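Input: a single structure, listed below in structure tokens.
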Number of protein chains: 2
Amino acid sequence: MKSKLLLALVSITVAGTAAAQAEWMGLPPLYVTMAPAGTAAARVKPEDAIKAANAIQVIANSGMGALNLPGTHKGTGWEKTRVRPGFFTNRDWVNKAAMAFTKEANEMAKVAGAGHPAATKEQLGKLSAPCKGCHDDFRIKD
Amino acid sequence: MKSKLLLALVSITVAGTAAAQAEWMGLPPLYVTMAPAGTAAARVKPEDAIKAANAIQVIANSGMGALNLPGTHKGTGWEKTRVRPGFFTNRDWVNKAAMAFTKEANEMAKVAGAGHPAATKEQLGKLSAPCKGCHDDFRIKD
């Protein structure tokens, strides 16, 4: 336990050097994985990548499925819904994507926390896949 | 502590009676407070209201601000961003709304957990206000 913590601290320190900073700059903000705001223009600092990864991990484990009750696609609230009715009838598909999202988000928090930009970028791809899959199939486009 | 827990359990039991169930049915899903899927058509059960309130509380306390780095509005990822540039230049306004959101989300988890539909509905209004305020000003409409 103690050696793992030490390793993480050493890794973060290494990531803080100028060379590692430059490497991190090639990493797009993690916001792309959670919300419709993908960007390759802006770049993140290591500490921001860790904060973002931690936030996504918390959200992925929040039980947010409780916010998507059947029938909410018929909503007439203060904003139009962007969820397709199929979201509520393809539960197996949706549950599989949700589980993959949680798994990859947990892994992302570990990888980003360890301070390795290349591994973080690779994990970002794995984390994006279940997000994009579900959005492509069940989110109404603008 | 013990008496508070007992009170909460008694309240939930009372909410489980047929009459209280009917009262809860007038409560719109809490999804309206978090995402663009407001609905007055579908109605929630008390246990679903509690789960949703808990999820929103976790999300509100997740540090999700880390996902909105300056520059993300220039993004060209797999979905167009819906955040306006003003989100990044009106930090005082945004921070105030974020703090109000967290405060009301914490209160909502308490109120929903206590099993009082009328109070939960009232708290839903207070929780919706900072959501709607920020969306109205900084979210690009369809």
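Following the order of the structure tokens, chains are lettered A, B, ..., residues in each are numbered from 1, and ligands are numbered from 1.
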Please provide as a list of chain:residue names all residues within 8 Å of Thr102 (chain B), with the sequence filter that same-chain residues fewer than 6 positions apart are discarded (counting only C-alpha atoms). B:Gln57, B:Ala60, B:Asn61
Can you list, as a VMD selection string, every protein, DNA or RNA residue that comes within 6 Å of region 125-140 of chain A when you count only C-alpha atoms, leaving out same-chain residues fewer than 5 positions away? chain A and resid 33 82 to 84 87 97 101 104
Among listed residues B:Ala66, B:Ala109, B:Leu124, B:Ala118, nearest Lys51 (chain B) (using only C-alpha atoms): B:Ala109
Which one is closest to chain A: B:Thr81, B:Leu69, B:Ile50, B:Val111? Count only C-alpha atoms.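 The closest residue to chain A is B:Thr81.
Each of A:Gly115, A:Lys121, A:Ala55, A:Ala49 was compared to chain B using only C-alpha atoms, and A:Ala55 turns out to be the nearest.
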Tell me, in Å to one decimal, how far CA of Lys110 (chain B) is from CA of Ala98 (chain B).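 It comes out at 18.8 Å.
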Which residue gives the smallest distance to chain B among A:Lys141, A:Arg91, A:Lys96, A:Lys103, with only C-alpha atoms counted? A:Lys141
Under the rule that only C-alpha atoms are counted, which of B:Val94, B:Pro46, B:Gly63, B:Gln123 is the nearest residue to chain A? B:Gly63
Write out as an NGL selection string all residues of region 44-141 of chain B that backbone DSSP assigns to alpha helix (DSSP H). :B and (46-60 or 91-113 or 117-138)
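In this comparison, which uses only C-alpha atoms, the residue of B:Ser62, B:Asn90, B:Ala53, B:Glu47 approaching chain A most closely is B:Ser62.
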Would you mind reading off the distance between CA of Asn54 (chain A) and CA of Asn106 (chain A), one decimal, in Å?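 It comes out at 8.5 Å.
The spacing separating CA of Pro70 (chain B) from CA of Gly86 (chain B) amounts to 10.3 Å.
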